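This report refers to the structure that appears directly beneath it.
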Amino acid sequence: MNYNFRAIEAKWRNYWAQKSTFKADNDSAKEKYYVLAMFPYPSGAGLHVGHPLGYIASDIYARYKRLKGFNVLQPMGYDSFGLPAEQYAIQTGQHPSVTTEANIARYRDQFDQLGFSYDWSREVRTSDPKYYKWTQWIFIQLFNSWYNKDKDRAEEIEELIRIFEEEGNSNINAACDEDVPVFSATEWNELNSKKQEEILLKYRLTYLADTEVNWCPELGTVLANDEVINGVSERGGYPVVRKKMTQWNMRITAYAQRLLDDLKEIDWPQSLKDAQTNWIGRSVGASVTFNTKPSGNSKTSYPIEVFTTRPDTIFGVSFMTLAPEHELVSKITTDAQKEEVETYIHSTSQRSERDRLADVKTITGAFTGAYVEHPFTKESIPIWIGDYVLAGYGTGAVMSVPSGDQRDYDFAKHFKIPIPNIFEGIDISKEAFADKELTIIANSEFLNGLNYKDATKRVISELEKIGQGIGKVNYRLRDAVFSRQRYWGEPFPVYYVDGMPRMIQEAFLPLKLPEVDKYLPTDTGEPPLGNATKWAWDSEHSKVVDNNLIDHVKVFPLELNTMPGWAGSSQYFNRYMDPENDKAIFSQEAIKYWQQVDLYIGGVEHATGHLLYSRFWQKFMFDKGLVPHKEYARKLINQGMILGTSAFVYREEGTNRLLSRGLIKGINVTPLHADVSLVNSSDELNIEAFKEWRPEFKEAEFILENGKYLVGREVEKMSKSKYNVVNPDAICEEYGADSLRMYEMFLGPLEQSKPWNTAGISGVYAFLKKLWRLYHSGPEGEFKVSEEPASKAALKSLHKTIKKVEEDIESFSFNTSVATFMICVNELLSQKCTSRSILEPLAIIISPYAPHIAEELWEKLGHTQSISTAIFPIFEADHLVESSKEYPVSFNGKMRFTIELPLDMGKEEIESAVMSHEKTKAQLQGRIPKKVIVVPGKIVNIVG
RNA sequence: GCUCGAGUGGUGGAAUUGGUAGACACGUUGGACUUAAAAUCCAAUGGCCAUUAUGGCCGUGCGGGUUCAAGUCCCGCCUCGAGUACCA
């Protein structure tokens, strides 16, 4: 009777499915525990061995918590809106839903194969209208809300309207657009409804605005900042340009401070918190207004507002710098400088974002001919423009203090602008001085002699007195653009009356995606939904009707953009709690029971995307009183990425010769990816198979070394295009899911990225076979356990293992518990232990890791109830562990011998026991030790 | 540049947080079983020296320091990786 993992795994996969073993109730006497792994985008390639890492880890934890008696919720679903399905649709004409459906089926098979204990009755799909109904619903709630900074929470827009009607907006402290005019109640009430609507839009948490966006012509869509990497799109690597478009935006900046503050109360990896902190980019300083001096043709004085983190250096200002795109540039430039400025603006706009980033060293700029007046000294300060000032950050203008900022310093040196020194005892002839801690201000009137902190405080109060500045906190975080010119995404529940957006009433949701005959933008450049013929809103009958009925009286145009990828993933974790609910996003009973995610596992690549947006929506939901927690995930673990090991062949340039890797030195070669399945474990290429795979090399000459063609190796991300993908199906076929699960955990620490290497899997496979043998000790290898009580040694092995495995799981060190199992099984085998009292608990503690084999053994032990549904408080067995311990005893730091002593001895008892021991006396030879160091449970050290 | 993280055998990685460095596994070598292969089992495996055994010295990127004791703590470097970047 051998370990037949195929039969065993098929049997239990079936059993769990039929009995709905992992269905979680929304009500239970047991304590709840919610384990969640980030749901995947179902791509056409299926899962590779890298994907399951996090899923295995969360499954082990979920199974462990069930054993401990928790009511565990572990759901799974699909983030099924997205670009690849749409791009496939563009190429083939096949509806994205068809592709998506097929991919999901494939994923489901693979999930089942790996034995994950998901509650599939709660599956969600973001592209399912029953699901995206609630994504649309949240959008409407955001539209109907504004952010009250005084109360630090989102409130109903009706409340804001009431205040406007009663007292205007002068007393309102809201997170809103910069350009909101101040108005009284009377003025408000006299506005027509369109004007009122325009103003309200500037307050809403989701709003329409002409935004400068990252436009990717190749993809035909707008990208969020986190989807653009080094000036090219994250997906596909296409160039991205800046472009103004009317877009939906999310006012995430309203929550910037809370997103920062609440990081303190969640147990997330520090590196991830750091990434979010940097991304939000809080900087404390002051907003200062400099007024331009009327000159030449410009009679008016314009205020220029700047943000600075160093208001204490205000007396060191020797010029102002505006971004070339700054709106005042054209107004203040003098005739004499006009040509130079326009030439400069033209040349910067020609430079792409990428060039600008790549070329930081070259200093460029132009003088506008205009001046501002220093708020204190009243001196004239020249205004320059320069592209080192970014239009998108702060106000797009800076007060330049060359002595205190290196970029200002370089700019001043380059254009021969004076560099006044305002620091006590500092030499600034070589570079700027930017150390806040060591700053003592000089040559600065009332700030002389003050340090950074005091000077900042003083100058802000002086600025406030003269009305030219105020203390301010600035964030790098921008509002998130929420429109995509795409088909395969959530439609906005929005139609337009007189150009202003209206929300479709909740009762008529979901607004389903219309059919289109092509998935590309329309001929007039509108998003793909512009191709739909039935895409207009009949407001009288509240339904979608044909476009040609649009009369702007009763039938109105619908929004043509769709929502971005992160919309559907920003509340899915709560929807799992009550996924079938048709009346609400989730019932209050459900959320009161499940509260929040206790453990969230996913990739670190979502740090500034999904993991930030979802926190924002959760806080909004909290403000609305819909969820009990400000944060949705109490603890988060980032699993590392499993990388592929690519193989390369080397073609000599200009020839059809392929050189083995040892022969390429000094020769010009092009490395080409070879499929890893054509290479054996000692890097030798199967040349015939390679020729078969790549017919263009049929005639190629292979230059061998020692009779072999060796490939080069490199660790890269696993991807189809690099031919380095290892598929879990093949591994499961050869070794079984339990082997794969254990091996992925054994590979190394969960949070670390590491290359996949199939070679070592034979070790865990051999272990599972040994485990099987432990329970099959009959003469023919048939199942046999003894009812004899266990030996002391066997008990010790078992209890050591239980203790270690529990510690490991609680600290997510799954790799070392696999090692512990191996030691335990080896010990039991060598002790020929067949005692039921050992083998029963062993099956239990192994079941989170290798659930199929554990179930099978459990059944053979005579249990009728599944190991996965019973509760075993076995993990609380540490009192059984050891009764004595061997203490290594060292003399003068060198280990000499060991002494066996009872465990419950205290420090002094151990000391005296050791000192009176024969071996110690022999070792000391009558010498009197200076010191005896005792670490209970560990070591005794005698210093002579 | 800034922020974070990591450097341990041929390889992946352990080390109870200051207490026998290299667990466990892969690989390699030798052996048993077998007609043979696979599978399985046993032994060796950081380096150097010694050997009949007992043993000795060195060793966790580099250089210092604290300590009876340092992979672990402190100071100064080096290298690699990740994120971010003209953020005022």
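Chain labels follow the order of the structure tokens: the first chain is A, the next B, and so on; residue numbering restarts at 1 in every chain, and ligands are counted from 1 in their shown order.
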
Can you pull out every residue from segment 749-880 of chain A that DSSP, working from the backbone, puts in alpha helix (DSSP H), and format the result as a VMD selection string? chain A and resid 761 to 775 792 to 810 814 to 830 836 to 846 851 to 860

Shell around A70 of chain B at 12 Å using only C-alpha atoms (C1' of nucleotides), local window under 3 positions removed, as a VMD selection string: chain B and resid 18 to 19 21 60 65 to 67 73 to 74

Top pick for closest residue to chain B, considering A:Asp128, A:Glu692, A:Asp387, A:Glu733 and counting only C-alpha atoms (C1' of nucleotides):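 So, comparing all the options, the nearest one is A:Asp387.
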
Taking only C-alpha atoms (C1' of nucleotides) into account, which of A:Asn173, A:Ser80, A:Ser28, A:Thr608 comes nearest chain B?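 Nearest to chain B: A:Thr608.
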
With only C-alpha atoms (C1' of nucleotides) considered, list every residue of chain B at most 12 Å from chain A, as an MDAnalysis selection string. chainID B and resid 1:6 11:16 18:20 23:27 39:41 67:69 81:88

Expected file: the selected residues, C-alpha atoms (C1' of nucleotides), as a short mmCIF file (atom, residue, chain, number, x, y, z; two decimals), in the first residue's frame:
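Dumped to result-v1.cif:
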data_model
loop_
_atom_site.label_atom_id
_atom_site.label_comp_id
_atom_site.auth_asym_id
_atom_site.auth_seq_id
_atom_site.Cartn_x
_atom_site.Cartn_y
_atom_site.Cartn_z
"C1'" G B 1 19.85 61.53 -3.82
"C1'" C B 2 16.17 59.90 -0.03
"C1'" U B 3 13.44 55.75 2.60
"C1'" C B 4 13.35 50.65 3.81
"C1'" G B 5 15.49 45.72 3.76
"C1'" A B 6 19.38 42.04 3.28
"C1'" U B 11 22.60 25.65 -3.02
"C1'" G B 12 17.63 27.09 -0.48
"C1'" G B 13 17.80 28.43 4.25
"C1'" A B 14 17.84 27.41 10.45
"C1'" A B 15 19.64 29.67 14.98
"C1'" U B 16 14.23 29.75 20.86
"C1'" G B 18 22.97 37.90 23.49
"C1'" G B 19 23.94 31.52 25.13
"C1'" U B 20 26.78 24.59 21.61
"C1'" A B 23 18.68 22.77 12.10
"C1'" C B 24 15.87 20.80 7.90
"C1'" A B 25 16.22 19.98 2.73
"C1'" C B 26 18.66 19.85 -2.01
"C1'" G B 27 23.25 18.54 -4.10
"C1'" A B 39 12.34 3.48 -5.03
"C1'" U B 40 14.15 2.82 -0.15
"C1'" C B 41 17.73 2.61 3.75
"C1'" U B 67 30.40 41.49 27.05
"C1'" C B 68 32.22 35.69 30.76
"C1'" A B 69 29.72 35.03 25.86
"C1'" G B 81 17.93 44.29 -3.54
"C1'" A B 82 13.12 46.96 -3.20
"C1'" G B 83 10.32 51.48 -3.20
"C1'" U B 84 10.48 56.60 -4.42
"C1'" A B 85 12.33 60.69 -6.80
"C1'" C B 86 13.76 68.05 -9.27
"C1'" C B 87 8.05 67.35 -3.40
"C1'" A B 88 10.22 73.37 -2.45
#

Provide the atom CA of Glu212 of chain A to atom CA of Lys244 of chain A distance in Å, to one decimal place.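 Interatomic distance here is 4.3 Å.
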
Rounded to one decimal, what separation in Å do you get between atom CA of Tyr572 of chain A and atom CA of Asn26 of chain A?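 Value for the atom CA of Tyr572 of chain A-atom CA of Asn26 of chain A distance: 16.7 Å.
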
G63 of chain B surroundings by only C-alpha atoms (C1' of nucleotides), 12 Å radius, close-in-sequence under 4 positions cut, as a list in words: C75, G76, C77 and C78 of chain B

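Distances to Lys30 of chain A were evaluated for A:Ile871, A:Pro129, A:Arg836, A:Ala432 using only C-alpha atoms, and the minimum falls at A:Ile871.
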
May I have the residues within 8 Å of Ile703 of chain A as an NGL selection string, using only C-alpha atoms (C1' of nucleotides) and disregarding those fewer than 6 positions away in the same chain? :A and (657-660 or 709)

Store the residues picked out above, limited to N, CA and C atoms, as a PDB file, in the first residue's frame.
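Below is the file that was written, out20.pdb:
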ATOM      1  N   ARG A 657      24.974  30.855 -35.430  1.00  0.00           N
ATOM      2  CA  ARG A 657      25.657  29.961 -34.512  1.00  0.00           C
ATOM      3  C   ARG A 657      25.191  30.230 -33.095  1.00  0.00           C
ATOM      4  N   LEU A 658      24.876  29.173 -32.358  1.00  0.00           N
ATOM      5  CA  LEU A 658      24.484  29.322 -30.959  1.00  0.00           C
ATOM      6  C   LEU A 658      25.614  28.753 -30.102  1.00  0.00           C
ATOM      7  N   LEU A 659      26.136  29.616 -29.215  1.00  0.00           N
ATOM      8  CA  LEU A 659      27.283  29.233 -28.407  1.00  0.00           C
ATOM      9  C   LEU A 659      26.843  28.797 -27.009  1.00  0.00           C
ATOM     10  N   SER A 660      27.456  27.764 -26.516  1.00  0.00           N
ATOM     11  CA  SER A 660      27.241  27.345 -25.138  1.00  0.00           C
ATOM     12  C   SER A 660      27.769  28.428 -24.208  1.00  0.00           C
ATOM     13  N   TYR A 709      25.470  21.442 -24.674  1.00  0.00           N
ATOM     14  CA  TYR A 709      25.131  22.849 -24.818  1.00  0.00           C
ATOM     15  C   TYR A 709      24.557  23.319 -23.494  1.00  0.00           C
TER      16      TYR A 709
END

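The two atoms in question, atom CA of Asp517 of chain A and atom CA of Val494 of chain A, are spaced 22.1 Å apart.
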
Just the residues within 8 Å of Val497 of chain A, please, counting only C-alpha atoms (C1' of nucleotides), with nothing from its chain fewer than 3 positions along; format it as JSON, numbers by chain. {"A": [500, 501, 502, 552, 556, 557]}

Got time to write the residues from that selection, C-alpha atoms, as a PDB file, in the first residue's frame?
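Once written, part_15.pdb looks like this:
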ATOM      1  CA  MET A 500     -24.396  68.396 -15.170  1.00  0.00           C
ATOM      2  CA  PRO A 501     -24.158  64.881 -13.721  1.00  0.00           C
ATOM      3  CA  ARG A 502     -27.134  63.210 -12.049  1.00  0.00           C
ATOM      4  CA  HIS A 552     -32.557  66.274 -23.141  1.00  0.00           C
ATOM      5  CA  PHE A 556     -30.564  61.948 -21.329  1.00  0.00           C
ATOM      6  CA  PRO A 557     -27.104  60.757 -22.296  1.00  0.00           C
TER       7      PRO A 557
END

Go through segment 62-288 of chain A and collect every residue that DSSP, computed from the backbone, puts in strand (DSSP E or B); the answer should be as an NGL selection string. :A and (71-73 or 78 or 125 or 145-148 or 153-156 or 174-175 or 204 or 206-216 or 221-223 or 228-229 or 232-233 or 239 or 241-250 or 267 or 282-288)

For Lys19 of chain A, work out the shell of residues within 12 Å, counting only C-alpha atoms (C1' of nucleotides) and skipping chain neighbours fewer than 5 positions away, then give it as a VMD selection string. chain A and resid 12 to 14 119 865 to 866 868 to 869

Expected file: the selected residues, N, CA and C atoms, as a short mmCIF file (atom, residue, chain, number, x, y, z; two decimals), in the first residue's frame:
data_model
loop_
_atom_site.label_atom_id
_atom_site.label_comp_id
_atom_site.auth_asym_id
_atom_site.auth_seq_id
_atom_site.Cartn_x
_atom_site.Cartn_y
_atom_site.Cartn_z
N TRP A 12 -10.71 13.54 -1.35
CA TRP A 12 -11.03 14.55 -0.34
C TRP A 12 -11.48 15.87 -0.94
N ARG A 13 -10.97 16.16 -2.12
CA ARG A 13 -11.45 17.33 -2.85
C ARG A 13 -12.96 17.21 -3.04
N ASN A 14 -13.34 16.02 -3.45
CA ASN A 14 -14.74 15.72 -3.66
C ASN A 14 -15.57 15.79 -2.39
N ASP A 119 -14.78 29.10 1.43
CA ASP A 119 -16.23 29.03 1.44
C ASP A 119 -16.72 29.56 0.09
N GLN A 865 -15.90 11.63 11.37
CA GLN A 865 -16.02 13.06 11.12
C GLN A 865 -14.73 13.58 10.49
N SER A 866 -14.86 14.48 9.53
CA SER A 866 -13.69 15.03 8.85
C SER A 866 -12.76 15.74 9.83
N SER A 868 -11.28 18.26 9.22
CA SER A 868 -11.41 19.70 8.98
C SER A 868 -12.59 20.33 9.71
N THR A 869 -13.49 19.52 10.21
CA THR A 869 -14.67 20.12 10.86
C THR A 869 -14.66 19.94 12.37
#
